[in-house]
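Beneath this line is the structure, given in structure tokens, with notes to follow.
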Amino acid sequence: MSNKPPKDAHRFVEDVARLLIPWGVPPVAARLYGHLLLCPSPVSLDQITQDLGISKSSASVAARLLESYTLVCRHGEPRTKRALYAVADDYKAMIRQQNRLLDALAGQLNAGAEIAESKAVSARLEDMADFYRVMRGAMEDAVGRWKPSRRLR
């Protein structure tokens with residue numbers, strides 16, 4: 001069975017990229033993520049470069065970036081040094097990473113509120129910090145309620 005996504009996948013990949021680029025994901029990484037979403041098993045950089053028509057160095061940089069976002073995971077190939085990439089399925093780890101960012105941001109906003117010379121600025125920063133803490137709690141709650149399905153792949 002081929003690991004290459006279907007021929008009509010191009011539009012899906014480009015649509016995923018269009019959604020992620022405004023969030024600051026570089027175009028090549030956004031396209032790579034869309035591509036990997038359709039791959040049934042981990043793929044090599046060689047296959048990625050062929051499927052997406054990009055250079056191996058671009059594919060490698062994009063894959064490492066997606067890995068740092070916890071969207072992609074790297075797999076080793078037995079008896080080789082070759083890396084294979086697949087979409088990560090540890091959604092809880094993704095949320096934990098986002099929650100760490102929200103905690104840090106809320107803490108920084110509270111620190112700014114303490115040094116702000118204006119009561120209006122201080123209040124705005126405290127409101128923002130509260131909002132991020134509420135969002136963090138909502139994400140934790142959602143993770144606690146979510147039950148992954150175990151559909152056959």
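The way I read the labels, and the way they are meant: chains A, B, ... in the order of the structure tokens, residue 1 as the first residue of every chain, and ligand 1 as the first ligand shown, with later ones counted on from there.
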
| So which bits of chain A end up helix (DSSP H, G or I) when you DSSP the backbone, as a VMD selection string? | chain A and resid 9 to 23 27 to 37 45 to 52 56 to 68 91 to 115 119 to 145

| query | Which residues come within 12 Å of region 81-97 of chain A, counting only C-alpha atoms, excluding same-chain residues fewer than 3 positions away, as a ChimeraX atom specification? | reply | /A:3,32-48,59-60,62-78,100-104,135-150

| task | Could you check how far CA of Leu125 (chain A) sits from CA of Leu109 (chain A), in Å to one decimal? | result |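 Rounded to one decimal, the two atoms are 5.4 Å apart.
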
| Secondary structure check, strand (DSSP E) residues of chain A, as a list in words |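 Answer for chain A, restricted to strand (DSSP E): Val43, Ser44, Val72, Cys73, Arg74, His75, Gly76, Ala83, Leu84, Tyr85, Ala86 and Val87 of chain A.
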
| field | One-decimal distance in Å that lies between CA of Tyr132 (chain A) and CA of Ala29 (chain A) | value | 26.7 Å

| task | May I ask for the distance between CA of Ile54 (chain A) and CA of Ala17 (chain A), given in Å to one decimal place? | result |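 According to the coordinates, CA of Ile54 (chain A) and CA of Ala17 (chain A) are separated by 14.7 Å.
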
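Non-sequential neighbours of Ala111 (chain A) (distance at most 12 Å, separation of 5 or more positions within a chain, only C-alpha atoms) are Ala104, Leu105, Ala106, Ala116, Val121, Ser122, Ala123, Leu125, Glu126, Met128 and Ala129 of chain A.
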